[in-house]
Structure formats: structure tokens, C-alpha cells
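Notes for the one structure printed next.
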Amino acid sequence: MLEAKAGNLKLDDGELGAFEKDAMMNPSSEDGKITIADLMDDDAIVANCILFILAGFDTLQSLLLFCAYLLALHQDIQEKLREEINSVLNENNGEFTYDGLSTMTYLDMVINETLRYYPPAVASDRSCTIDYKIPGTEYILRKGQSITIPIYGIHHDEEYFPQPEKFDPDRFSQQNKQKINPYTFLPFGQGPRNCIGMRFAKFANTGSLKPQGGLFLSLNKI
């Protein structure tokens, strides 16, 4: 954020995914004089850092609890995940590393499916900035109106996720995740107001499924 404020933040487009590109700030005004430095003043930087801590860790613990619960209910998925984690740990002398976590594709699938099944936020809201006619209807959203986006409802809609009440990490395999409309999977939101802590949350979660001391939890169906 300090680099962005100083105007020194330079990124190659190849470093950014669609999620990050959506989140990029593109300041504009009628006279064209608003800059990144105007938006990212000291108060904004401090506020975002506090938001990182408060919002990030609260939703993080919710995801870990839901993930542990779902793994306890699905022993076959738990065992497959355990095998992947043990394999990667053996390759890295029993240590979790950033590169090692990046190779745990099934762990990423389990976390994404947990986020779909039990999204940390069941809904989100936005304010309409211009009058907008919803395509295919006669309904017009008026400037200033508030809009509620039912994240839980979208995540459990058969139109977007077949058998939505089934916990199925394979939805997010390399082959299948390309079929998912990105605006129907919203655990971190989408667009310019998406979650600033998306990468932090995912990395923290993948590194948190191993208890201190190196012993794995034995999760059993209740």
C-alpha cells in the first residue's frame, strides 16, 4: 500500500489473475485530478491494515471450523487429503513451505468447496452508483439504491452447482473449475470491491490445517 501511495507499484499483467485485476483502483473524477495517493492516504492505509487483522482472522477461524466439520463427515475425502499432505511433507523434510503448499491441489479444492458450502459471509451488499436496467427485464436499479447479493443462495443453486448439498471438492479440480462462472462463486466477492485479504486468507488456511507439533487431528463422524 505504501508503494501504491508513492506511485512506485509496478506489476506485470502476467502476475495478476482476474480477481486482482478486478480489484485494481482506477481513480477518476470529472477534472481527472484524483490520484492513487489521494485514495491511499495514511488513514486509508491504517484502516485497511486493521481490517486485515479483524476481518481476516474472524472469517479464517470460521472456515477452519467448517472445514474440520466437513472432513469429519466425509472420511474418504479426509483420507485423500491426508495422503496428499503426507506426500508433500515427505518431500519437504516434514516442513510446510510456501512452494509445498502451492503444490497441494487437493487441499485447495477442499478449501474452495468448504467456502462454497459454508461461505463466511452469507450475503453481501452494494450501492448502485448509476441507473441500470437489468438485462432481460424491465426492472431498473436506481442510483443510490442498496442491493443485497445472496451469496449462500447462489452457492447452493442447482443452476450453478449441480447437487449443491453434496460436499464435492472435485468441483474445483483443474478440469472442472474452468466451467464455474466466477460471479457465482463469491466467498471473497468479485469486482473492484472484492476482499483485500483473499490471498492472505487462502495461504493462512492451507498452513493452519496442521496442528502445532506436527500431529494431524483424527476427525471422526459424529
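Convention: chains lettered A, B, ... in C-alpha cells order; per-chain residue numbering from 1; ligands numbered from 1 as shown.
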
Hey, what does DSSP flag as strand (DSSP E or B) within segment 53-200 of chain A? Can you give it to me as a PyMOL selection string?
chain A and resi 124-127+132-133+140-141+146-149

Using only C-alpha atoms, which of A:Val46, A:Phe167, A:Glu158, A:Arg116 sits nearest Leu73 of chain A?
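Checking each of A:Val46, A:Phe167, A:Glu158, A:Arg116 against Leu73 of chain A, counting only C-alpha atoms, the winner is A:Phe167.
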
Using only C-alpha atoms, which of A:Gln75, A:Gln145, A:Gln175, A:Thr114 sits nearest Thr129 of chain A?
A:Gln145

Report as a VMD selection string all protein, DNA and RNA residues lying within 12 Å of Leu65 of chain A, evaluated on only C-alpha atoms, omitting residues in the same chain fewer than 2 positions from it.
chain A and resid 58 to 63 67 to 72 111 114 to 115 118 to 120 205 208 to 209 219

With C-alpha atoms retained, export the selected residues as a CSV table (one decimal), in the first residue's frame.
```
chain,number,residue,atom,x,y,z
A,58,ASP,CA,-12.6,-13.9,12.2
A,59,THR,CA,-13.5,-15.5,8.8
A,60,LEU,CA,-10.4,-17.6,9.0
A,61,GLN,CA,-11.4,-19.4,12.1
A,62,SER,CA,-14.9,-19.9,10.7
A,63,LEU,CA,-13.5,-21.6,7.6
A,67,CYS,CA,-13.5,-27.5,7.0
A,68,ALA,CA,-12.8,-29.7,10.1
A,69,TYR,CA,-16.5,-30.5,10.4
A,70,LEU,CA,-17.0,-31.4,6.8
A,71,LEU,CA,-13.8,-33.6,6.8
A,72,ALA,CA,-15.2,-35.4,9.9
A,111,ILE,CA,-10.9,-25.3,0.9
A,114,THR,CA,-15.8,-25.5,2.0
A,115,LEU,CA,-16.0,-21.8,1.1
A,118,TYR,CA,-20.3,-22.6,4.1
A,119,PRO,CA,-19.4,-19.2,2.9
A,120,PRO,CA,-18.0,-17.0,5.7
A,205,ASN,CA,-5.9,-21.6,5.9
A,208,SER,CA,-3.4,-23.9,9.5
A,209,LEU,CA,-4.7,-27.4,8.9
A,219,LEU,CA,-11.6,-36.4,12.7
```

Between atom CA of Ser127 of chain A and atom CA of Ile45 of chain A - distance in Å to one decimal
23.0 Å

By how many Å are atom CA of Gly153 of chain A and atom CA of Phe66 of chain A apart?
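About the pair atom CA of Gly153 of chain A and atom CA of Phe66 of chain A: they are 17.5 Å apart.
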
Looking at A:Val122, A:Val110, A:Ile149, A:Ile180, which one is nearest to Pro162 of chain A, with distances taken over only C-alpha atoms?
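Distance minimum relative to Pro162 of chain A lands on A:Ile180.
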
Please measure the separation of atom CA of Ser124 of chain A and atom CA of Tyr152 of chain A, giving the value in Å to one decimal.
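Taking atom CA of Ser124 of chain A and atom CA of Tyr152 of chain A, their separation equals 9.8 Å.
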